[in-house]
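Asker: Provided herewith: upload33.txt, compact mmCIF, C-alpha atoms and all ligand atoms.
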# COMPACT_ATOMS: atom_id res chain seq x y z
CA MET F 1 -29.23 164.55 78.08
CA GLU F 2 -31.98 163.35 75.79
CA THR F 3 -32.29 159.56 75.70
CA LYS F 4 -33.06 158.09 72.30
CA ARG F 5 -35.32 155.03 72.22
CA VAL F 6 -34.88 152.65 69.29
CA VAL F 7 -37.64 150.05 68.93
CA ILE F 8 -36.35 146.88 67.25
CA LYS F 9 -38.95 145.66 64.78
CA ASP F 10 -38.20 141.93 64.70
CA VAL F 11 -36.53 141.13 68.04
CA LYS F 12 -35.40 137.66 66.89
CA HIS F 13 -33.76 139.08 63.74
CA PRO F 14 -32.55 142.63 64.40
CA ARG F 15 -31.14 144.42 61.35
CA ASP F 16 -27.63 145.87 61.57
CA GLY F 17 -29.08 149.22 60.54
CA GLU F 18 -31.04 149.29 63.81
CA LEU F 19 -27.93 148.62 65.93
CA LEU F 20 -25.15 150.62 64.28
CA GLU F 21 -25.82 153.84 66.16
CA ALA F 22 -25.79 151.97 69.50
CA ALA F 23 -22.49 150.34 68.53
CA GLN F 24 -21.02 153.75 67.69
CA ILE F 25 -22.17 155.25 71.01
CA LEU F 26 -20.43 152.40 72.84
CA ARG F 27 -17.20 152.88 70.87
CA ASP F 28 -17.35 156.60 71.65
CA GLY F 29 -17.54 155.96 75.40
CA GLY F 30 -21.32 156.49 75.84
CA LEU F 31 -24.04 154.43 77.52
CA VAL F 32 -26.62 152.19 75.81
CA ALA F 33 -29.27 150.08 77.58
CA PHE F 34 -30.08 146.88 75.72
CA PRO F 35 -32.15 143.70 76.17
CA THR F 36 -30.53 140.38 77.03
CA GLU F 37 -32.14 136.98 77.65
CA THR F 38 -31.93 137.62 81.44
CA VAL F 39 -32.65 141.32 82.19
CA TYR F 40 -31.92 144.63 80.43
CA GLY F 41 -28.27 145.70 80.72
CA LEU F 42 -26.68 149.15 80.83
CA GLY F 43 -23.69 148.94 78.52
CA ALA F 44 -20.41 150.81 78.15
CA ASN F 45 -17.02 149.96 76.63
CA ALA F 46 -15.47 147.61 79.23
CA LEU F 47 -11.93 148.63 78.27
CA ASN F 48 -12.59 152.35 78.79
CA GLU F 49 -12.38 153.27 82.47
CA GLU F 50 -14.07 156.65 81.92
CA ALA F 51 -17.03 154.95 80.23
CA ALA F 52 -17.33 152.43 83.08
CA LYS F 53 -17.41 155.34 85.56
CA LYS F 54 -20.45 156.75 83.75
CA ILE F 55 -22.33 153.50 84.47
CA TYR F 56 -21.78 153.90 88.21
CA ALA F 57 -22.95 157.52 88.03
CA ALA F 58 -26.10 156.76 85.99
CA LYS F 59 -27.14 153.90 88.28
CA GLY F 60 -26.02 155.49 91.54
CA ARG F 61 -24.07 152.28 92.10
CA PRO F 62 -21.23 151.85 94.64
CA SER F 63 -18.01 151.72 92.61
CA ASP F 64 -16.62 148.70 94.50
CA ASN F 65 -19.30 146.60 92.79
CA PRO F 66 -17.66 145.09 89.69
CA LEU F 67 -19.24 144.89 86.23
CA ILE F 68 -19.74 141.91 83.91
CA ALA F 69 -17.93 142.16 80.55
CA HIS F 70 -20.20 140.93 77.73
CA ILE F 71 -18.73 139.42 74.57
CA SER F 72 -20.34 138.17 71.36
CA GLY F 73 -18.05 135.26 70.48
CA GLU F 74 -15.40 133.01 72.04
CA LYS F 75 -12.47 134.70 70.27
CA GLU F 76 -13.17 137.81 72.33
CA LEU F 77 -12.49 136.02 75.63
CA ALA F 78 -8.72 135.38 75.46
CA PRO F 79 -7.66 139.07 75.49
CA LEU F 80 -9.65 139.69 78.69
CA VAL F 81 -8.39 136.83 80.84
CA ALA F 82 -5.07 135.52 82.19
CA GLU F 83 -6.04 131.89 81.62
CA ILE F 84 -9.00 129.72 80.60
CA PRO F 85 -9.28 126.82 83.09
CA GLU F 86 -10.64 123.43 81.94
CA THR F 87 -13.76 123.95 84.06
CA ALA F 88 -14.48 127.15 82.18
CA LYS F 89 -14.09 125.38 78.84
CA LYS F 90 -16.70 122.81 79.87
CA LEU F 91 -19.08 125.53 81.02
CA MET F 92 -18.62 127.55 77.85
CA LYS F 93 -19.21 124.54 75.65
CA ALA F 94 -22.41 123.65 77.48
CA TYR F 95 -23.92 127.06 78.20
CA TRP F 96 -22.45 129.84 76.04
CA PRO F 97 -24.00 131.83 74.57
CA GLY F 98 -26.53 131.99 77.41
CA PRO F 99 -27.41 133.11 80.94
CA LEU F 100 -24.10 132.12 82.56
CA THR F 101 -21.37 134.47 83.80
CA ILE F 102 -17.92 133.03 84.49
CA ILE F 103 -15.30 134.64 86.77
CA PHE F 104 -11.73 134.44 85.42
CA ARG F 105 -8.39 135.91 86.46
CA LYS F 106 -8.22 139.14 84.49
CA SER F 107 -5.61 140.22 81.94
CA ASP F 108 -3.83 143.60 82.10
CA LYS F 109 -6.14 144.85 79.36
CA VAL F 110 -9.16 145.00 81.66
CA PRO F 111 -9.09 148.17 83.76
CA TYR F 112 -9.68 148.04 87.52
CA GLY F 113 -12.44 150.58 86.95
CA THR F 114 -14.44 147.75 85.36
CA THR F 115 -13.63 145.08 87.97
CA GLY F 116 -14.12 147.27 91.05
CA GLY F 117 -10.42 146.87 91.86
CA LEU F 118 -10.47 143.05 91.71
CA ASP F 119 -7.87 140.91 89.90
CA THR F 120 -10.68 138.83 88.43
CA VAL F 121 -13.15 139.64 85.67
CA ALA F 122 -16.71 138.41 85.13
CA VAL F 123 -17.47 137.49 81.50
CA ARG F 124 -20.76 136.56 79.84
CA MET F 125 -21.76 135.84 76.25
CA PRO F 126 -25.45 136.67 75.87
CA SER F 127 -27.58 134.65 73.46
CA ASP F 128 -30.13 137.40 72.89
CA PRO F 129 -29.78 138.30 69.18
CA ILE F 130 -29.97 142.06 69.80
CA ALA F 131 -27.36 142.00 72.59
CA ASN F 132 -25.08 139.61 70.75
CA ARG F 133 -25.12 141.50 67.44
CA MET F 134 -24.78 144.91 69.10
CA ILE F 135 -21.62 143.76 70.91
CA ALA F 136 -20.21 142.30 67.69
CA LEU F 137 -20.86 145.56 65.83
CA ALA F 138 -19.35 147.63 68.67
CA GLY F 139 -16.17 145.58 68.36
CA VAL F 140 -15.40 146.05 72.06
CA PRO F 141 -16.38 144.05 75.17
CA VAL F 142 -19.40 145.68 76.78
CA ALA F 143 -19.50 146.13 80.56
CA ALA F 144 -23.12 145.90 81.64
CA PRO F 145 -24.86 145.73 84.97
CA SER F 146 -28.63 145.48 85.08
CA ALA F 147 -30.11 148.74 83.71
CA ASN F 148 -31.91 149.84 86.88
CA THR F 149 -31.21 152.52 89.45
CA SER F 150 -29.10 150.81 92.10
CA GLY F 151 -31.33 149.12 94.70
CA ARG F 152 -34.46 148.96 92.50
CA PRO F 153 -35.74 145.71 90.97
CA SER F 154 -33.88 144.78 87.75
CA PRO F 155 -35.61 145.86 84.52
CA THR F 156 -37.31 143.25 82.37
CA THR F 157 -38.88 145.68 79.87
CA ALA F 158 -37.64 148.81 78.08
CA ASP F 159 -40.28 150.79 80.02
CA HIS F 160 -38.64 149.77 83.31
CA VAL F 161 -35.31 151.08 81.97
CA TRP F 162 -36.97 154.28 80.79
CA GLU F 163 -38.45 154.88 84.28
CA ASP F 164 -35.03 154.62 85.92
CA LEU F 165 -32.57 156.00 83.38
CA SER F 166 -34.17 158.31 80.81
CA GLY F 167 -32.23 161.55 80.66
CA LYS F 168 -29.11 159.85 82.05
CA ILE F 169 -27.98 157.68 79.11
CA GLU F 170 -27.62 158.10 75.35
CA MET F 171 -29.87 155.29 74.11
CA ILE F 172 -32.29 152.49 74.99
CA LEU F 173 -32.70 149.62 72.55
CA ASP F 174 -36.26 148.39 73.01
CA GLY F 175 -36.43 144.65 72.34
CA GLY F 176 -39.69 144.03 74.21
CA PRO F 177 -39.93 141.96 77.41
CA VAL F 178 -36.94 139.71 78.19
CA GLY F 179 -37.28 135.92 78.30
CA ILE F 180 -35.88 134.70 81.63
CA GLY F 181 -36.40 137.68 83.93
CA LEU F 182 -33.65 136.94 86.49
CA GLU F 183 -29.96 137.83 86.19
CA SER F 184 -27.42 135.28 84.95
CA THR F 185 -25.94 132.49 87.06
CA ILE F 186 -22.42 133.44 88.22
CA VAL F 187 -19.74 130.75 88.64
CA ASP F 188 -16.20 131.41 89.86
CA VAL F 189 -13.66 129.04 88.30
CA THR F 190 -10.51 130.65 89.71
CA GLY F 191 -10.29 128.28 92.72
CA GLU F 192 -9.78 124.50 93.08
CA VAL F 193 -13.52 123.83 93.17
CA PRO F 194 -15.96 125.87 91.08
CA MET F 195 -18.19 128.08 93.20
CA LEU F 196 -21.71 129.33 92.56
CA LEU F 197 -21.83 133.04 93.47
CA ARG F 198 -25.32 133.89 92.20
CA PRO F 199 -28.04 131.38 91.22
CA GLY F 200 -29.87 131.82 87.92
CA ALA F 201 -31.49 129.93 85.07
CA ILE F 202 -28.44 127.65 84.76
CA THR F 203 -29.21 125.87 88.03
CA LEU F 204 -26.91 124.35 90.66
CA GLU F 205 -28.27 120.93 89.65
CA MET F 206 -27.23 121.58 86.02
CA LEU F 207 -23.77 122.77 87.10
CA ARG F 208 -23.19 119.70 89.30
CA GLU F 209 -24.37 117.39 86.53
CA LEU F 210 -21.70 118.91 84.25
CA LEU F 211 -18.84 119.54 86.70
CA GLY F 212 -19.34 117.25 89.70
CA GLN F 213 -18.50 119.14 92.88
CA VAL F 214 -19.67 122.75 92.92
CA ASP F 215 -19.55 124.79 96.13
CA VAL F 216 -22.08 127.48 96.95
CA ASP F 217 -21.06 130.88 98.30
CA PRO F 218 -22.76 131.30 101.72
CA ALA F 219 -24.20 134.65 100.53
CA VAL F 220 -26.47 132.72 98.12
CA THR F 221 -28.46 131.04 100.86
CA GLY F 222 -28.21 132.89 104.14
CA PRO F 223 -27.94 136.38 105.56
CA MET F 224 -24.30 137.47 105.78
CA SER F 225 -22.76 136.98 109.20
CA PRO F 226 -20.74 139.98 110.36
CA GLY F 227 -17.19 139.84 109.04
CA ILE F 228 -18.00 137.42 106.18
CA HIS F 229 -17.94 138.94 102.71
CA PRO F 230 -19.71 137.46 99.69
CA LYS F 231 -17.41 136.71 96.75
CA ALA F 232 -19.68 138.64 94.38
CA PRO F 233 -19.57 142.09 95.99
CA GLY F 234 -23.01 142.92 94.59
CA MET F 235 -24.60 140.18 96.70
CA LYS F 236 -24.07 142.18 99.89
CA TYR F 237 -26.50 144.95 99.02
CA ARG F 238 -30.22 144.88 99.73
CA HIS F 239 -30.66 144.45 96.03
CA TYR F 240 -33.76 143.91 93.96
CA ALA F 241 -35.65 145.82 96.59
CA PRO F 242 -39.17 147.16 96.26
CA LYS F 243 -39.93 150.39 98.13
CA ALA F 244 -42.45 148.62 100.36
CA ASP F 245 -41.56 146.61 103.43
CA MET F 246 -41.74 142.99 102.28
CA THR F 247 -42.24 139.75 104.23
CA LEU F 248 -41.83 136.30 102.75
CA VAL F 249 -44.02 133.51 104.13
CA GLU F 250 -42.75 129.95 103.86
CA GLY F 251 -44.69 126.70 104.41
CA GLY F 252 -47.27 124.33 102.91
CA THR F 253 -49.53 126.22 100.50
CA GLU F 254 -52.61 126.28 102.77
CA ALA F 255 -50.79 127.25 105.95
CA MET F 256 -48.84 129.85 103.96
CA ALA F 257 -51.99 131.44 102.52
CA ALA F 258 -53.67 131.44 105.95
CA GLU F 259 -50.70 133.23 107.51
CA ILE F 260 -50.56 135.76 104.67
CA CYS F 261 -54.28 136.46 105.19
CA ARG F 262 -53.67 137.06 108.89
CA LEU F 263 -50.68 139.34 108.28
CA ALA F 264 -52.46 141.22 105.49
CA GLN F 265 -55.56 141.80 107.66
CA GLU F 266 -53.36 143.12 110.45
CA SER F 267 -51.56 145.44 108.04
CA ILE F 268 -54.84 146.71 106.56
CA SER F 269 -56.24 147.37 110.01
CA GLN F 270 -53.16 149.52 110.71
CA GLY F 271 -54.13 151.62 107.71
CA LYS F 272 -51.31 150.36 105.49
CA LYS F 273 -51.73 149.90 101.75
CA THR F 274 -51.13 146.19 101.44
CA GLY F 275 -49.99 143.97 98.58
CA VAL F 276 -50.08 140.18 98.35
CA ILE F 277 -48.05 138.08 95.92
CA CYS F 278 -49.62 134.71 95.22
CA THR F 279 -49.62 132.21 92.34
CA GLU F 280 -52.22 130.77 89.98
CA GLU F 281 -52.40 127.58 92.07
CA THR F 282 -52.92 129.40 95.40
CA ARG F 283 -55.12 132.33 94.41
CA HIS F 284 -58.32 130.46 95.41
CA LEU F 285 -57.01 130.07 98.99
CA TYR F 286 -57.58 133.77 99.69
CA PRO F 287 -61.08 134.92 100.75
CA GLU F 288 -63.11 137.31 98.58
CA SER F 289 -63.20 139.84 101.41
CA LEU F 290 -59.40 140.14 101.42
CA LEU F 291 -59.24 140.26 97.62
CA GLY F 292 -61.29 143.47 97.86
CA GLN F 293 -59.08 145.15 100.48
CA ALA F 294 -55.55 144.27 99.44
CA GLN F 295 -53.77 144.47 96.09
CA PHE F 296 -53.34 140.92 94.78
CA ARG F 297 -50.88 139.90 92.08
CA SER F 298 -50.19 136.39 90.86
CA MET F 299 -46.54 135.90 89.98
CA GLY F 300 -47.28 132.96 87.69
CA VAL F 301 -47.71 129.20 87.72
CA ARG F 302 -45.87 127.17 90.40
CA ALA F 303 -45.74 124.13 88.14
CA LYS F 304 -43.93 126.27 85.53
CA GLU F 305 -41.32 128.08 87.61
CA GLU F 306 -40.00 129.94 84.57
CA THR F 307 -43.25 131.95 84.63
CA ILE F 308 -42.50 133.01 88.24
CA ALA F 309 -38.95 134.05 87.28
CA HIS F 310 -40.29 135.92 84.27
CA ASN F 311 -42.80 138.01 86.27
CA LEU F 312 -40.97 138.49 89.58
CA TYR F 313 -39.37 141.90 89.05
CA ALA F 314 -42.34 143.31 87.10
CA VAL F 315 -44.65 142.51 90.03
CA LEU F 316 -42.29 144.18 92.52
CA ARG F 317 -42.08 147.26 90.29
CA GLU F 318 -45.85 147.37 89.88
CA PHE F 319 -46.24 147.47 93.66
CA ASP F 320 -43.73 150.35 93.72
CA ASP F 321 -45.79 152.18 91.11
CA ILE F 322 -49.07 151.87 92.98
CA GLY F 323 -47.28 152.73 96.22
CA VAL F 324 -48.04 149.84 98.56
CA ASP F 325 -46.55 150.09 102.07
CA ARG F 326 -46.30 146.38 102.84
CA ILE F 327 -45.97 143.26 100.68
CA PHE F 328 -46.63 139.68 101.79
CA CYS F 329 -45.26 137.12 99.39
CA GLU F 330 -45.47 133.34 99.12
CA ALA F 331 -42.21 131.37 99.19
CA PHE F 332 -41.06 128.64 96.79
CA PRO F 333 -39.08 125.39 97.13
CA GLU F 334 -35.35 126.19 96.85
CA THR F 335 -34.49 123.60 94.23
CA GLU F 336 -33.66 124.10 90.54
CA LEU F 337 -34.92 127.50 89.31
CA GLY F 338 -36.56 127.95 92.74
CA GLN F 339 -33.12 128.63 94.21
CA ALA F 340 -32.70 131.73 92.03
CA ILE F 341 -36.30 132.84 92.63
CA MET F 342 -35.91 132.52 96.42
CA ASN F 343 -32.48 134.21 96.37
CA ARG F 344 -34.05 137.31 94.80
CA LEU F 345 -37.19 137.24 96.97
CA ILE F 346 -35.20 136.83 100.19
CA LYS F 347 -33.06 139.84 99.25
CA ALA F 348 -36.13 141.87 98.29
CA ALA F 349 -37.55 141.05 101.72
CA GLY F 350 -34.29 142.00 103.45
CA HIS F 351 -34.25 138.44 104.89
CA LYS F 352 -37.60 138.92 106.64
CA ILE F 353 -39.06 135.41 106.48
CA VAL F 354 -41.95 133.92 108.47
CA LYS F 355 -42.05 130.10 108.62
CA VAL F 356 -45.38 128.38 109.25
O1 LIG F 401 -27.83 138.66 83.64
C1 LIG F 401 -26.94 139.43 83.97
O2 LIG F 401 -25.87 139.02 84.47
C2 LIG F 401 -27.18 140.93 83.77
C3 LIG F 401 -27.24 141.20 82.27
C4 LIG F 401 -27.29 142.64 81.93
O3 LIG F 401 -26.19 140.54 81.61
N1 LIG F 401 -26.17 141.70 84.41
C5 LIG F 401 -26.10 141.82 85.76
O4 LIG F 401 -25.11 142.67 86.22
O5 LIG F 401 -26.86 141.26 86.52
P1 LIG F 401 -25.06 143.23 87.70
O6 LIG F 401 -23.96 144.23 87.67
O7 LIG F 401 -26.38 143.69 88.13
O8 LIG F 401 -24.58 142.04 88.56
C6 LIG F 401 -23.25 141.59 88.46
C7 LIG F 401 -22.87 140.76 89.67
C8 LIG F 401 -22.66 141.60 90.91
O9 LIG F 401 -23.20 140.90 92.04
C9 LIG F 401 -21.15 141.68 91.00
O10 LIG F 401 -20.72 141.86 92.32
C10 LIG F 401 -20.72 140.34 90.43
O11 LIG F 401 -21.61 140.13 89.37
N2 LIG F 401 -19.36 140.37 89.87
C11 LIG F 401 -18.92 141.07 88.80
N3 LIG F 401 -17.59 140.90 88.63
C12 LIG F 401 -17.19 140.05 89.60
C13 LIG F 401 -15.93 139.47 89.96
N4 LIG F 401 -14.82 139.74 89.29
N5 LIG F 401 -15.89 138.64 91.03
C14 LIG F 401 -17.03 138.35 91.71
N6 LIG F 401 -18.24 138.86 91.43
C15 LIG F 401 -18.32 139.70 90.39
MG MG F 402 -28.05 144.36 89.20
What would you get if you wrote out this structure as structure tokens?
Ligand code: TXA
Ligand code: MG
Answerer:
Amino acid sequence: METKRVVIKDVKHPRDGELLEAAQILRDGGLVAFPTETVYGLGANALNEEAAKKIYAAKGRPSDNPLIAHISGEKELAPLVAEIPETAKKLMKAYWPGPLTIIFRKSDKVPYGTTGGLDTVAVRMPSDPIANRMIALAGVPVAAPSANTSGRPSPTTADHVWEDLSGKIEMILDGGPVGIGLESTIVDVTGEVPMLLRPGAITLEMLRELLGQVDVDPAVTGPMSPGIHPKAPGMKYRHYAPKADMTLVEGGTEAMAAEICRLAQESISQGKKTGVICTEETRHLYPESLLGQAQFRSMGVRAKEETIAHNLYAVLREFDDIGVDRIFCEAFPETELGQAIMNRLIKAAGHKIVKV
């Protein structure tokens, strides 16, 4: 299949004329990749089981991993869910449209092909003007996982999507680089106490400020113990993974940089192509000699964590592209946005963490 790429001229104010063909493809049961404020999504009609199946095939994704249904306005929620709990209403009022996915009990209208066989459905209302208007024009809820091949880092540019999915989907809407760079926060409101299933730009601190008690699914913080299953099935995979073997180093900045130098030297002496992920504030802690031998990338500014979130997946993909064998990466404090950053880095490293 030939994939058509449509470049949106003014990404803040897309014209309907630029989105109508995408909307038609979705209505006809085809696949369209599109930008959102978090990462690029791979969309299909959420109410069409056959269309949802195509998503799993294009991504190479296990079909027990449920999809998020994206809507453009609040009126579109009621037909998808069995009930709208008070907690959900508060969340919607505060954070929709935006980078927050809410888990509801599903209605009969939502096929099990979309929810991976679950009786619940994940719903999100993106604020990105291209995503939001495309969904409105399609007139159907749009099931959309991140638009990457399963297991690869999520795409934050249309080029990333192109690398993974060209030839496998009908269209890519190119809206330039996304804003946030990490997937949405997921909150389950079907139980007594709301539960955070995946951290994102709407932080745990923000959720607790709004709702009071919020529990955290153990899969968010630690490796899964045998026999324990994360509530978001997708959290069990070694997700967001670069091809290289990655180690995360945690500690005070100077000790951390010293340990990364040691590990990187060792790796280089074993003949491995070695990558180091640092930050603007820590770059100067690495000696010139090492800068010449290893591939260095700064992920952004520690004091502005949104820059780290924004660049995280692009840096991992870049290391894939240049073919490094080993990556050593600095860790971050696990508060506020740092919780989402560390959640993704820990998964990318397959839980390989060195503490100094
Ligand atoms: O920011 C985002 O959420 C992006 C953009 C495209 O909107 N989408 C995204 O989708 O990250 P995906 O498929 O990569 O991640 C969806 C996560 C998976 O971990 C999945 O297991 C979980 O949501 N999920 C979906 N439906 C669920 C449900 N009913 N119960 C629990 N977890 C669910
Ligand atoms: Mg994903």
Asker: Can you tell me which residues surround Val276 (chain F) at a distance of at most 8 Å, considering all atoms listed in the file, apart from same-chain residues fewer than 4 positions away, and format the answer as a list in words?
Answerer: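 The neighbour list is Ile260, Ala264, Ala294, Gln295, Phe296, Arg297, Ile327, Phe328 and Cys329 of chain F.
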Asker: Out of F:Trp162, F:Tyr95, F:Tyr56, F:Phe332, which residue has the shortest atom-to-atom distance to ligand MG 402 (chain F) when counting all atoms listed in the file?
Answerer: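 When distances to ligand MG 402 (chain F) are compared using all atoms listed in the file, the smallest one comes from F:Tyr56.
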Asker: Return as lines of an AutoDock Vina configuration file the centre and edge lengths, in Å with one decimal, of the box along x, y and z that encloses every atom of ligand LIG 401 (chain F) in the file, padded by 5 Å per side.
Answerer:
center_x = -21.3
center_y = 141.3
center_z = 87.0
size_x = 23.0
size_y = 15.9
size_z = 20.7
Asker: Can you work out the spacing between CA of Gly212 (chain F) and CA of Ile84 (chain F) in Å, to one decimal?
Answerer: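 Here the two named atoms are 18.6 Å from each other.
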Asker: Rank nothing, just name the residue among F:Thr203, F:Ser267, F:Thr156, F:Thr115 nearest to Glu336 (chain F), using all atoms listed in the file.
Answerer: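 Once distances to Glu336 (chain F) are computed over all atoms listed in the file, the minimum belongs to F:Thr203.
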Asker: Let me have all residues with an atom within 6 Å of ligand LIG 401 (chain F), counting all atoms listed in the file, laid out as a JSON list (two decimals) with C-alpha atoms, in the coordinates of the input.
Answerer:
[["chain", "number", "residue", "atom", "x", "y", "z"],
["F", 38, "THR", "CA", -31.93, 137.62, 81.44],
["F", 39, "VAL", "CA", -32.65, 141.32, 82.19],
["F", 40, "TYR", "CA", -31.92, 144.63, 80.43],
["F", 41, "GLY", "CA", -28.27, 145.70, 80.72],
["F", 65, "ASN", "CA", -19.30, 146.60, 92.79],
["F", 66, "PRO", "CA", -17.66, 145.09, 89.69],
["F", 67, "LEU", "CA", -19.24, 144.89, 86.23],
["F", 68, "ILE", "CA", -19.74, 141.91, 83.91],
["F", 103, "ILE", "CA", -15.30, 134.64, 86.77],
["F", 115, "THR", "CA", -13.63, 145.08, 87.97],
["F", 118, "LEU", "CA", -10.47, 143.05, 91.71],
["F", 120, "THR", "CA", -10.68, 138.83, 88.43],
["F", 121, "VAL", "CA", -13.15, 139.64, 85.67],
["F", 122, "ALA", "CA", -16.71, 138.41, 85.13],
["F", 144, "ALA", "CA", -23.12, 145.90, 81.64],
["F", 145, "PRO", "CA", -24.86, 145.73, 84.97],
["F", 146, "SER", "CA", -28.63, 145.48, 85.08],
["F", 183, "GLU", "CA", -29.96, 137.83, 86.19],
["F", 184, "SER", "CA", -27.42, 135.28, 84.95],
["F", 231, "LYS", "CA", -17.41, 136.71, 96.75],
["F", 232, "ALA", "CA", -19.68, 138.64, 94.38],
["F", 233, "PRO", "CA", -19.57, 142.09, 95.99],
["F", 234, "GLY", "CA", -23.01, 142.92, 94.59],
["F", 235, "MET", "CA", -24.60, 140.18, 96.70]]
Asker: Could you tell me which of F:Glu50, F:Glu2, F:Glu266, F:Glu280 comes closest to Ala303 (chain F) if we count only C-alpha atoms?
Answerer: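 For Ala303 (chain F), the nearest of the candidates is F:Glu280.
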Asker: Just how far from CA of Pro223 (chain F) is CA of Pro242 (chain F), in Å to one decimal?
Answerer: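 One can read the CA of Pro242 (chain F) to CA of Pro223 (chain F) distance as 18.1 Å.
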Asker: Taking only C-alpha atoms into account, name the residue in F:Ile202, F:Leu210, F:Ala136, F:Ala244 that is nearest to Gly338 (chain F).
Answerer: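 Ranking F:Ile202, F:Leu210, F:Ala136, F:Ala244 by distance to Gly338 (chain F), first place goes to F:Ile202.
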Asker: Would you list the contacts of region 70-76 of chain F as number ranges by chain, taking every protein, DNA or RNA residue within 10 Å and counting all atoms listed in the file, but skipping same-chain residues closer than 6 positions in sequence?
Answerer: F: 41, 43-46, 92-93, 96-97, 101, 122-129, 131-145
Asker: Nearest to ligand MG 402 (chain F): which of F:Ala219, F:Tyr313, F:Met195, F:Ala51 is it, counting all atoms listed in the file?
Answerer: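 When distances to ligand MG 402 (chain F) are compared using all atoms listed in the file, the smallest one comes from F:Tyr313.
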Asker: Might you pull out every residue within 8 Å of Asp215 (chain F), with only C-alpha atoms counted and same-chain residues fewer than 4 positions away left off, and present them as a count of residues only?
Answerer: 4
